[in-house]
>>> print(open('entry.pdb').read())   # PDB, C-alpha atoms
ATOM      1  CA  SER R   1      -3.118  14.238  -7.898  1.00  0.00           C
ATOM      2  CA  GLN R   2      -3.252  13.661  -4.160  1.00  0.00           C
ATOM      3  CA  GLN R   3      -0.165  11.510  -4.205  1.00  0.00           C
ATOM      4  CA  GLY R   4       2.097  11.660  -1.202  1.00  0.00           C
ATOM      5  CA  GLU R   5       5.761  12.276  -1.814  1.00  0.00           C
ATOM      6  CA  GLU R   6       8.311  11.036   0.678  1.00  0.00           C
ATOM      7  CA  ASP R   7      11.549  12.783   1.343  1.00  0.00           C
ATOM      8  CA  PRO R   8      14.361  11.831   1.316  1.00  0.00           C
ATOM      9  CA  GLN R   9      14.325   9.067  -1.279  1.00  0.00           C
ATOM     10  CA  ALA R  10      17.026   7.240   0.635  1.00  0.00           C
ATOM     11  CA  LEU R  11      18.476   7.582   4.108  1.00  0.00           C
ATOM     12  CA  SER R  12      21.431   5.819   5.683  1.00  0.00           C
ATOM     13  CA  ILE R  13      22.120   6.056   9.426  1.00  0.00           C
ATOM     14  CA  GLN R  14      23.963   4.235  12.184  1.00  0.00           C
ATOM     15  CA  GLU R  15      22.201   1.989  14.654  1.00  0.00           C
ATOM     16  CA  GLY R  16      20.980   3.983  17.635  1.00  0.00           C
ATOM     17  CA  GLU R  17      20.462   7.188  15.674  1.00  0.00           C
ATOM     18  CA  ASN R  18      17.077   8.695  14.934  1.00  0.00           C
ATOM     19  CA  ALA R  19      15.602   8.631  11.435  1.00  0.00           C
ATOM     20  CA  THR R  20      13.190  11.242  10.144  1.00  0.00           C
ATOM     21  CA  MET R  21      11.200  10.872   6.948  1.00  0.00           C
ATOM     22  CA  ASN R  22       8.845  13.427   5.514  1.00  0.00           C
ATOM     23  CA  CYS R  23       5.749  13.170   3.385  1.00  0.00           C
ATOM     24  CA  SER R  24       4.027  15.918   1.433  1.00  0.00           C
ATOM     25  CA  TYR R  25       0.674  15.661  -0.266  1.00  0.00           C
ATOM     26  CA  LYS R  26      -1.455  17.872  -2.471  1.00  0.00           C
ATOM     27  CA  THR R  27      -5.124  17.684  -1.554  1.00  0.00           C
ATOM     28  CA  SER R  28      -7.246  17.593   1.577  1.00  0.00           C
ATOM     29  CA  ILE R  29      -7.247  14.310   3.415  1.00  0.00           C
ATOM     30  CA  ASN R  30      -9.192  12.422   6.048  1.00  0.00           C
ATOM     31  CA  ASN R  31      -6.320  10.205   7.109  1.00  0.00           C
ATOM     32  CA  LEU R  32      -2.661   9.656   6.494  1.00  0.00           C
ATOM     33  CA  GLN R  33      -0.970   6.350   7.112  1.00  0.00           C
ATOM     34  CA  TRP R  34       2.611   5.161   7.243  1.00  0.00           C
ATOM     35  CA  TYR R  35       3.597   1.686   6.081  1.00  0.00           C
ATOM     36  CA  ARG R  36       6.850  -0.273   6.075  1.00  0.00           C
ATOM     37  CA  GLN R  37       7.956  -2.712   3.412  1.00  0.00           C
ATOM     38  CA  ASN R  38      10.836  -5.105   3.730  1.00  0.00           C
ATOM     39  CA  SER R  39      12.409  -5.926   0.393  1.00  0.00           C
ATOM     40  CA  GLY R  40       9.945  -7.669  -1.921  1.00  0.00           C
ATOM     41  CA  ARG R  41       7.413  -8.337   0.809  1.00  0.00           C
ATOM     42  CA  GLY R  42       3.980  -7.013   1.659  1.00  0.00           C
ATOM     43  CA  LEU R  43       3.489  -3.674   3.338  1.00  0.00           C
ATOM     44  CA  VAL R  44       2.985  -3.529   7.071  1.00  0.00           C
ATOM     45  CA  HIS R  45       0.845  -0.827   8.619  1.00  0.00           C
ATOM     46  CA  LEU R  46       2.688   1.309  11.168  1.00  0.00           C
ATOM     47  CA  ILE R  47       0.421   4.133  12.195  1.00  0.00           C
ATOM     48  CA  LEU R  48      -2.660   6.073  11.108  1.00  0.00           C
ATOM     49  CA  ILE R  49      -3.165   9.726  11.907  1.00  0.00           C
ATOM     50  CA  ARG R  50      -6.442  11.491  11.272  1.00  0.00           C
ATOM     51  CA  SER R  51      -6.700  14.972   9.860  1.00  0.00           C
ATOM     52  CA  ASN R  52      -7.792  16.398  13.225  1.00  0.00           C
ATOM     53  CA  GLU R  53      -4.754  14.956  15.005  1.00  0.00           C
ATOM     54  CA  ARG R  54      -1.364  16.631  15.142  1.00  0.00           C
ATOM     55  CA  GLU R  55       0.840  13.969  16.676  1.00  0.00           C
ATOM     56  CA  LYS R  56       0.714  10.290  17.396  1.00  0.00           C
ATOM     57  CA  HIS R  57       3.087   7.843  19.054  1.00  0.00           C
ATOM     58  CA  SER R  58       3.522   4.113  18.772  1.00  0.00           C
ATOM     59  CA  GLY R  59       6.532   2.609  20.510  1.00  0.00           C
ATOM     60  CA  ARG R  60       9.638   4.120  18.900  1.00  0.00           C
ATOM     61  CA  LEU R  61       7.556   5.793  16.209  1.00  0.00           C
ATOM     62  CA  ARG R  62       6.330   9.356  16.294  1.00  0.00           C
ATOM     63  CA  VAL R  63       4.195  10.800  13.524  1.00  0.00           C
ATOM     64  CA  THR R  64       3.254  14.418  13.111  1.00  0.00           C
ATOM     65  CA  LEU R  65       0.736  15.932  10.751  1.00  0.00           C
ATOM     66  CA  ASP R  66       0.514  19.536   9.627  1.00  0.00           C
ATOM     67  CA  THR R  67      -2.570  19.923   7.463  1.00  0.00           C
ATOM     68  CA  SER R  68      -1.838  23.590   6.794  1.00  0.00           C
ATOM     69  CA  LYS R  69       1.433  22.593   5.144  1.00  0.00           C
ATOM     70  CA  LYS R  70       0.015  19.333   3.806  1.00  0.00           C
ATOM     71  CA  SER R  71       2.910  17.420   5.296  1.00  0.00           C
ATOM     72  CA  SER R  72       3.658  14.655   7.736  1.00  0.00           C
ATOM     73  CA  SER R  73       6.814  13.298   9.297  1.00  0.00           C
ATOM     74  CA  LEU R  74       7.735   9.900  10.651  1.00  0.00           C
ATOM     75  CA  LEU R  75      10.418   9.750  13.330  1.00  0.00           C
ATOM     76  CA  ILE R  76      11.980   6.450  14.303  1.00  0.00           C
ATOM     77  CA  THR R  77      13.990   6.797  17.500  1.00  0.00           C
ATOM     78  CA  ALA R  78      16.929   4.630  18.548  1.00  0.00           C
ATOM     79  CA  SER R  79      16.972   2.855  15.195  1.00  0.00           C
ATOM     80  CA  ARG R  80      17.902  -0.792  14.843  1.00  0.00           C
ATOM     81  CA  ALA R  81      19.244  -2.791  11.918  1.00  0.00           C
ATOM     82  CA  ALA R  82      15.823  -4.457  11.718  1.00  0.00           C
ATOM     83  CA  ASP R  83      14.318  -1.069  10.842  1.00  0.00           C
ATOM     84  CA  THR R  84      16.024  -1.269   7.459  1.00  0.00           C
ATOM     85  CA  ALA R  85      13.141  -1.131   4.978  1.00  0.00           C
ATOM     86  CA  SER R  86      11.223   1.183   2.689  1.00  0.00           C
ATOM     87  CA  TYR R  87       8.714   3.492   4.316  1.00  0.00           C
ATOM     88  CA  PHE R  88       5.639   4.780   2.525  1.00  0.00           C
ATOM     89  CA  CYS R  89       3.062   7.365   3.395  1.00  0.00           C
ATOM     90  CA  ALA R  90      -0.431   6.853   2.064  1.00  0.00           C
ATOM     91  CA  THR R  91      -3.088   9.509   1.832  1.00  0.00           C
ATOM     92  CA  ASP R  92      -6.783   9.276   1.202  1.00  0.00           C
ATOM     93  CA  GLY R  93      -9.059  11.972  -0.096  1.00  0.00           C
ATOM     94  CA  ASP R  94     -11.861  13.812   1.627  1.00  0.00           C
ATOM     95  CA  ASN R  95     -14.458  12.442  -0.759  1.00  0.00           C
ATOM     96  CA  TYR R  96     -16.284   9.146  -0.468  1.00  0.00           C
ATOM     97  CA  GLY R  97     -14.675   6.516  -2.624  1.00  0.00           C
ATOM     98  CA  GLN R  98     -11.216   8.000  -2.561  1.00  0.00           C
ATOM     99  CA  ASN R  99      -8.556   5.475  -1.905  1.00  0.00           C
ATOM    100  CA  PHE R 100      -5.178   5.526  -0.376  1.00  0.00           C
ATOM    101  CA  VAL R 101      -2.478   6.748  -2.732  1.00  0.00           C
ATOM    102  CA  PHE R 102       1.037   5.725  -1.862  1.00  0.00           C
ATOM    103  CA  GLY R 103       4.121   7.818  -2.389  1.00  0.00           C
ATOM    104  CA  PRO R 104       7.353   6.454  -3.899  1.00  0.00           C
ATOM    105  CA  GLY R 105       8.798   5.704  -0.456  1.00  0.00           C
ATOM    106  CA  THR R 106      11.948   6.383   1.519  1.00  0.00           C
ATOM    107  CA  ARG R 107      14.533   3.637   1.553  1.00  0.00           C
ATOM    108  CA  LEU R 108      16.047   3.511   5.076  1.00  0.00           C
ATOM    109  CA  SER R 109      19.283   1.666   5.742  1.00  0.00           C
ATOM    110  CA  VAL R 110      20.352   1.260   9.361  1.00  0.00           C
ATOM    111  CA  LEU R 111      23.975   0.237   9.604  1.00  0.00           C
ATOM    112  CA  PRO R 112      25.163  -1.862  12.560  1.00  0.00           C
TER     113      PRO R 112
ATOM    114  CA  ASP Z   1       1.489 -12.869   9.095  1.00  0.00           C
ATOM    115  CA  SER Z   2      -1.225 -10.389   8.101  1.00  0.00           C
ATOM    116  CA  GLY Z   3      -3.912 -13.013   7.612  1.00  0.00           C
ATOM    117  CA  VAL Z   4      -4.263 -12.111   3.925  1.00  0.00           C
ATOM    118  CA  THR Z   5      -3.289 -14.907   1.566  1.00  0.00           C
ATOM    119  CA  GLN Z   6      -2.390 -14.657  -2.084  1.00  0.00           C
ATOM    120  CA  THR Z   7      -1.790 -17.360  -4.643  1.00  0.00           C
ATOM    121  CA  PRO Z   8       0.332 -18.105  -6.490  1.00  0.00           C
ATOM    122  CA  LYS Z   9       3.538 -16.645  -5.031  1.00  0.00           C
ATOM    123  CA  HIS Z  10       5.274 -16.605  -8.377  1.00  0.00           C
ATOM    124  CA  LEU Z  11       3.958 -16.726 -11.905  1.00  0.00           C
ATOM    125  CA  ILE Z  12       5.986 -16.845 -15.096  1.00  0.00           C
ATOM    126  CA  THR Z  13       4.160 -16.577 -18.373  1.00  0.00           C
ATOM    127  CA  ALA Z  14       4.509 -15.319 -21.920  1.00  0.00           C
ATOM    128  CA  THR Z  15       3.279 -12.193 -23.644  1.00  0.00           C
ATOM    129  CA  GLY Z  16      -0.294 -12.414 -24.844  1.00  0.00           C
ATOM    130  CA  GLN Z  17      -1.333 -14.867 -22.162  1.00  0.00           C
ATOM    131  CA  ARG Z  18      -3.964 -14.508 -19.451  1.00  0.00           C
ATOM    132  CA  VAL Z  19      -3.488 -15.154 -15.738  1.00  0.00           C
ATOM    133  CA  THR Z  20      -5.627 -15.070 -12.617  1.00  0.00           C
ATOM    134  CA  LEU Z  21      -4.353 -13.984  -9.232  1.00  0.00           C
ATOM    135  CA  ARG Z  22      -6.265 -14.946  -6.144  1.00  0.00           C
ATOM    136  CA  CYS Z  23      -6.641 -13.243  -2.787  1.00  0.00           C
ATOM    137  CA  SER Z  24      -8.313 -14.311   0.436  1.00  0.00           C
ATOM    138  CA  PRO Z  25      -8.858 -11.430   2.855  1.00  0.00           C
ATOM    139  CA  ARG Z  26      -8.528 -11.572   6.606  1.00  0.00           C
ATOM    140  CA  SER Z  27     -11.445 -13.178   8.343  1.00  0.00           C
ATOM    141  CA  GLY Z  28     -14.133 -10.543   8.837  1.00  0.00           C
ATOM    142  CA  ASP Z  29     -12.713  -8.023   6.377  1.00  0.00           C
ATOM    143  CA  LEU Z  30     -15.226  -6.897   3.790  1.00  0.00           C
ATOM    144  CA  SER Z  31     -12.987  -4.766   1.622  1.00  0.00           C
ATOM    145  CA  VAL Z  32     -10.312  -5.960  -0.789  1.00  0.00           C
ATOM    146  CA  TYR Z  33      -7.818  -3.783  -2.627  1.00  0.00           C
ATOM    147  CA  TRP Z  34      -5.464  -4.651  -5.474  1.00  0.00           C
ATOM    148  CA  TYR Z  35      -2.149  -2.889  -6.036  1.00  0.00           C
ATOM    149  CA  GLN Z  36       0.602  -3.200  -8.619  1.00  0.00           C
ATOM    150  CA  GLN Z  37       4.191  -2.476  -7.614  1.00  0.00           C
ATOM    151  CA  SER Z  38       6.854  -2.079 -10.238  1.00  0.00           C
ATOM    152  CA  LEU Z  39      10.277  -0.492 -10.096  1.00  0.00           C
ATOM    153  CA  ASP Z  40       9.410   2.426 -12.345  1.00  0.00           C
ATOM    154  CA  GLN Z  41       5.812   3.089 -11.241  1.00  0.00           C
ATOM    155  CA  GLY Z  42       5.967   2.437  -7.525  1.00  0.00           C
ATOM    156  CA  LEU Z  43       2.887   1.158  -5.733  1.00  0.00           C
ATOM    157  CA  GLN Z  44      -0.211   1.819  -7.823  1.00  0.00           C
ATOM    158  CA  PHE Z  45      -3.760   1.308  -6.624  1.00  0.00           C
ATOM    159  CA  LEU Z  46      -5.760  -0.722  -9.122  1.00  0.00           C
ATOM    160  CA  ILE Z  47      -9.209  -1.407  -7.729  1.00  0.00           C
ATOM    161  CA  GLN Z  48     -11.222  -1.887  -4.557  1.00  0.00           C
ATOM    162  CA  TYR Z  49     -14.189  -4.103  -3.754  1.00  0.00           C
ATOM    163  CA  TYR Z  50     -16.406  -3.865  -0.725  1.00  0.00           C
ATOM    164  CA  ASN Z  51     -18.706  -6.744   0.147  1.00  0.00           C
ATOM    165  CA  GLY Z  52     -18.860  -7.902  -3.447  1.00  0.00           C
ATOM    166  CA  GLU Z  53     -19.339  -4.505  -5.070  1.00  0.00           C
ATOM    167  CA  GLU Z  54     -16.767  -2.403  -6.869  1.00  0.00           C
ATOM    168  CA  ARG Z  55     -16.041   0.587  -4.603  1.00  0.00           C
ATOM    169  CA  ALA Z  56     -13.247   2.502  -6.317  1.00  0.00           C
ATOM    170  CA  LYS Z  57     -11.109   2.281  -9.388  1.00  0.00           C
ATOM    171  CA  GLY Z  58      -7.547   3.447  -9.799  1.00  0.00           C
ATOM    172  CA  ASN Z  59      -5.018   3.009 -12.555  1.00  0.00           C
ATOM    173  CA  ILE Z  60      -6.368  -0.291 -13.780  1.00  0.00           C
ATOM    174  CA  LEU Z  61      -5.909  -1.114 -17.452  1.00  0.00           C
ATOM    175  CA  GLU Z  62      -8.838  -2.288 -19.552  1.00  0.00           C
ATOM    176  CA  ARG Z  63      -6.971  -5.590 -20.038  1.00  0.00           C
ATOM    177  CA  PHE Z  64      -7.271  -6.156 -16.290  1.00  0.00           C
ATOM    178  CA  SER Z  65     -10.430  -7.019 -14.419  1.00  0.00           C
ATOM    179  CA  ALA Z  66     -11.312  -8.121 -10.928  1.00  0.00           C
ATOM    180  CA  GLN Z  67     -14.188  -9.431  -8.910  1.00  0.00           C
ATOM    181  CA  GLN Z  68     -15.059 -10.260  -5.333  1.00  0.00           C
ATOM    182  CA  PHE Z  69     -17.060 -13.385  -4.706  1.00  0.00           C
ATOM    183  CA  PRO Z  70     -19.784 -14.033  -2.093  1.00  0.00           C
ATOM    184  CA  ASP Z  71     -17.233 -15.672   0.203  1.00  0.00           C
ATOM    185  CA  LEU Z  72     -15.275 -12.374  -0.080  1.00  0.00           C
ATOM    186  CA  HIS Z  73     -12.235 -13.784  -1.812  1.00  0.00           C
ATOM    187  CA  SER Z  74     -11.151 -11.826  -4.852  1.00  0.00           C
ATOM    188  CA  GLU Z  75      -9.531 -12.553  -8.169  1.00  0.00           C
ATOM    189  CA  LEU Z  76      -7.560 -10.258 -10.432  1.00  0.00           C
ATOM    190  CA  ASN Z  77      -7.543 -11.251 -14.069  1.00  0.00           C
ATOM    191  CA  LEU Z  78      -4.778  -9.980 -16.335  1.00  0.00           C
ATOM    192  CA  SER Z  79      -5.113 -10.628 -20.055  1.00  0.00           C
ATOM    193  CA  SER Z  80      -3.131  -9.956 -23.230  1.00  0.00           C
ATOM    194  CA  LEU Z  81      -0.097  -9.694 -21.035  1.00  0.00           C
ATOM    195  CA  GLU Z  82       2.772  -7.421 -22.000  1.00  0.00           C
ATOM    196  CA  LEU Z  83       6.348  -7.288 -20.780  1.00  0.00           C
ATOM    197  CA  GLY Z  84       5.508  -4.157 -18.828  1.00  0.00           C
ATOM    198  CA  ASP Z  85       2.958  -6.019 -16.746  1.00  0.00           C
ATOM    199  CA  SER Z  86       5.781  -7.769 -14.923  1.00  0.00           C
ATOM    200  CA  ALA Z  87       5.454  -6.596 -11.331  1.00  0.00           C
ATOM    201  CA  LEU Z  88       4.506  -7.515  -7.811  1.00  0.00           C
ATOM    202  CA  TYR Z  89       0.753  -7.608  -7.334  1.00  0.00           C
ATOM    203  CA  PHE Z  90      -0.490  -7.072  -3.805  1.00  0.00           C
ATOM    204  CA  CYS Z  91      -3.870  -7.630  -2.336  1.00  0.00           C
ATOM    205  CA  ALA Z  92      -4.895  -5.877   0.857  1.00  0.00           C
ATOM    206  CA  SER Z  93      -7.998  -6.084   2.981  1.00  0.00           C
ATOM    207  CA  SER Z  94      -9.682  -3.969   5.598  1.00  0.00           C
ATOM    208  CA  VAL Z  95     -12.701  -4.194   7.805  1.00  0.00           C
ATOM    209  CA  GLU Z  96     -14.388  -1.219   6.253  1.00  0.00           C
ATOM    210  CA  GLY Z  97     -14.052   0.526   2.958  1.00  0.00           C
ATOM    211  CA  GLN Z  98     -12.355   3.765   3.817  1.00  0.00           C
ATOM    212  CA  GLY Z  99     -10.062   5.416   6.267  1.00  0.00           C
ATOM    213  CA  VAL Z 100      -8.802   2.359   8.032  1.00  0.00           C
ATOM    214  CA  GLU Z 101      -5.701   0.247   8.197  1.00  0.00           C
ATOM    215  CA  GLN Z 102      -5.121  -2.067   5.275  1.00  0.00           C
ATOM    216  CA  PHE Z 103      -3.554  -5.475   5.783  1.00  0.00           C
ATOM    217  CA  PHE Z 104      -1.369  -6.566   2.898  1.00  0.00           C
ATOM    218  CA  GLY Z 105      -0.798 -10.033   1.558  1.00  0.00           C
ATOM    219  CA  PRO Z 106       2.666 -11.318   0.616  1.00  0.00           C
ATOM    220  CA  GLY Z 107       2.117 -10.558  -3.053  1.00  0.00           C
ATOM    221  CA  THR Z 108       2.290 -12.435  -6.332  1.00  0.00           C
ATOM    222  CA  ARG Z 109       5.370 -11.852  -8.435  1.00  0.00           C
ATOM    223  CA  LEU Z 110       4.400 -11.916 -12.091  1.00  0.00           C
ATOM    224  CA  THR Z 111       7.065 -12.252 -14.743  1.00  0.00           C
ATOM    225  CA  VAL Z 112       6.042 -11.879 -18.364  1.00  0.00           C
ATOM    226  CA  LEU Z 113       8.630 -13.165 -20.836  1.00  0.00           C
TER     227      LEU Z 113
END
>>> encode(input="entry.pdb", output="C-alpha cells")
Amino acid sequence: SQQGEEDPQALSIQEGENATMNCSYKTSINNLQWYRQNSGRGLVHLILIRSNEREKHSGRLRVTLDTSKKSSSLLITASRAADTASYFCATDGDNYGQNFVFGPGTRLSVLP
Amino acid sequence: DSGVTQTPKHLITATGQRVTLRCSPRSGDLSVYWYQQSLDQGLQFLIQYYNGEERAKGNILERFSAQQFPDLHSELNLSSLELGDSALYFCASSVEGQGVEQFFGPGTRLTVL
C-alpha cells in the first residue's frame, strides 16, 4: 500500500507555538499534498510538493519532502486557534491512474 | 466555498435501500473523485471519472456504482445499504486527472438505520 501515515495522531499546543506534523509513505510518488479538514466538513487543499522539490512555503506553512526517507513534514508557525483541525497528507503513485491515498490524519488542537 | 456542490447534505435511510448522491464539480474541472469517510476507516478513495470516463477505482464495493454525465456532474449510487455504509461521502474535482489539487465538496452525511 502507498498509504501515507501521519504522526502524531493528535497534537495539542498553545496559540503562538509552532506545530509540526509528519507523514510517511511506502512507495514512490509524483506528488504529495497536505489538506486540512475542519470537523465534519470538506477537505481544503493547503500545499502540493512535487517529488523533485525539497521544501515549499505558503504563508505560515512550510512543507518539506525527503524522498529518500519517504517522508514529509508540515510545519505551521505561530499557530492560531483557527488552525484547530485535522491535517491529512495524500500521496499519489508514480504510475498513470494512481490516485491520491490519504493517511488517517493528525488532529491538531490549538488552545487559546 | 470550493465551488463543488453536493446534494443532499444529509440522508437517512434504512438497510436494504438504495440512494443516489449527486456532485457538481467546479466550473471547468473535468475530473471527479468520490471518497468515503468513516470513523473506523478514515478517508477512502472510491472512484474517479475524467471527462465522462472511469479513470481509477479504489475501495469501491460492488453494491456501489458511479457515473459522470456529459455535463460533468457525477452521481454515486449506493444499493442494498448496510449499517456500515453510514459515513460522510465526499466528492472532489480537479482540472486534470492526476497530480493536481483536488477541491472538495461539503459532503453528504449518510445514516443507515
>>> residues_around(input="entry.pdb", residues="Leu46 in chain R", least_positions_apart="6", cutoff="8 Å", atoms="all atoms listed in the file", output="PDB file with C-alpha atoms, in the frame of the given file")
ATOM      1  CA  GLN R  33      -0.970   6.350   7.112  1.00  0.00           C
ATOM      2  CA  TRP R  34       2.611   5.161   7.243  1.00  0.00           C
ATOM      3  CA  TYR R  35       3.597   1.686   6.081  1.00  0.00           C
ATOM      4  CA  ARG R  36       6.850  -0.273   6.075  1.00  0.00           C
TER       5      ARG R  36
END
>>> closest_residue(input="entry.pdb", among="R:Gly59, R:Asp92, R:Lys70, R:Ser86", to="Gly105 in chain R", atoms="only C-alpha atoms")
R:Ser86
>>> residues_around(input="entry.pdb", residues="Ser51 in chain R", least_positions_apart="2", cutoff="9 Å", atoms="only C-alpha atoms", output="PyMOL selection string")
chain R and resi 28-32+49+53-54+65-67
>>> resolve_selection(input="entry.pdb", expression="the ChimeraX specification (/R :<6) & /Z", output="MDAnalysis selection string")
chainID Z and resid 42 56 104:106
>>> write_last_selection(input="entry.pdb", atoms="C-alpha atoms", output="PDB file, keeping the file's coordinate frame")
ATOM      1  CA  GLY Z  42       5.967   2.437  -7.525  1.00  0.00           C
ATOM      2  CA  ALA Z  56     -13.247   2.502  -6.317  1.00  0.00           C
ATOM      3  CA  PHE Z 104      -1.369  -6.566   2.898  1.00  0.00           C
ATOM      4  CA  GLY Z 105      -0.798 -10.033   1.558  1.00  0.00           C
ATOM      5  CA  PRO Z 106       2.666 -11.318   0.616  1.00  0.00           C
TER       6      PRO Z 106
END
>>> resolve_selection(input="entry.pdb", expression="the PyMOL selection byres ((chain R and resi 7) around 8)", output="PyMOL selection string")
chain R and resi 5-6+8-10+21-23+105-106
>>> closest_residue(input="entry.pdb", among="Z:Ser31, Z:Ser79, Z:Ser86, Z:Asn59", to="Arg109 in chain Z", atoms="all atoms listed in the file")
Z:Ser86
>>> residues_around(input="entry.pdb", residues="Asn51 in chain Z", least_positions_apart="5", cutoff="8 Å", atoms="all atoms listed in the file", output="ChimeraX atom specification")
/Z:30-31,68,70,72
>>> residues_near_point(input="entry.pdb", point="(12.9, 7.8, 14.1)", cutoff="7 Å", atoms="only C-alpha atoms", output="ChimeraX atom specification")
/R:18-20,60-61,74-79
>>> residues_around(input="entry.pdb", residues="Pro8 in chain Z", least_positions_apart="3", cutoff="7 Å", atoms="all atoms listed in the file", output="count of residues only")
3
>>> resolve_selection(input="entry.pdb", expression="the PyMOL selection byres ((chain R and resi 13) around 9)", output="PyMOL selection string")
chain R and resi 11-12+14-19+79+108-111
>>> decode(input="entry.pdb", residues="range 8-24 of chain R", atoms="N, CA and C atoms", output="tab-separated table (two decimals), in the first residue's frame")
chain	number	residue	atom	x	y	z
R	8	PRO	N	2.14	13.06	14.78
R	8	PRO	CA	1.39	12.18	15.68
R	8	PRO	C	-0.08	12.07	15.27
R	9	GLN	N	-0.81	11.22	15.96
R	9	GLN	CA	-2.25	11.11	15.69
R	9	GLN	C	-2.97	12.34	16.20
R	10	ALA	N	-2.49	12.88	17.31
R	10	ALA	CA	-3.10	14.07	17.89
R	10	ALA	C	-2.01	14.95	18.48
R	11	LEU	N	-2.25	16.26	18.41
R	11	LEU	CA	-1.27	17.23	18.88
R	11	LEU	C	-2.01	18.40	19.49
R	12	SER	N	-1.59	18.79	20.70
R	12	SER	CA	-2.24	19.90	21.38
R	12	SER	C	-1.17	20.92	21.75
R	13	ILE	N	-1.34	22.17	21.31
R	13	ILE	CA	-0.35	23.21	21.57
R	13	ILE	C	-1.04	24.50	21.97
R	14	GLN	N	-0.26	25.45	22.45
R	14	GLN	CA	-0.78	26.76	22.81
R	14	GLN	C	-0.70	27.68	21.59
R	15	GLU	N	-1.60	28.62	21.55
R	15	GLU	CA	-1.59	29.62	20.49
R	15	GLU	C	-0.22	30.31	20.46
R	16	GLY	N	0.28	30.52	19.25
R	16	GLY	CA	1.59	31.15	19.10
R	16	GLY	C	2.72	30.18	18.93
R	17	GLU	N	2.52	28.94	19.37
R	17	GLU	CA	3.57	27.92	19.22
R	17	GLU	C	3.55	27.38	17.79
R	18	ASN	N	4.62	26.68	17.45
R	18	ASN	CA	4.70	26.02	16.15
R	18	ASN	C	4.19	24.59	16.27
R	19	ALA	N	3.59	24.10	15.20
R	19	ALA	CA	3.10	22.71	15.17
R	19	ALA	C	3.77	21.99	14.01
R	20	THR	N	4.29	20.82	14.30
R	20	THR	CA	4.93	20.01	13.26
R	20	THR	C	4.24	18.66	13.17
R	21	MET	N	3.84	18.31	11.96
R	21	MET	CA	3.22	17.02	11.70
R	21	MET	C	4.04	16.30	10.64
R	22	ASN	N	4.13	15.01	10.78
R	22	ASN	CA	4.93	14.22	9.86
R	22	ASN	C	4.07	13.22	9.10
R	23	CYS	N	4.56	12.88	7.93
R	23	CYS	CA	3.85	11.93	7.07
R	23	CYS	C	4.88	10.97	6.48
R	24	SER	N	4.60	9.69	6.58
R	24	SER	CA	5.47	8.70	5.95
R	24	SER	C	4.66	7.90	4.95
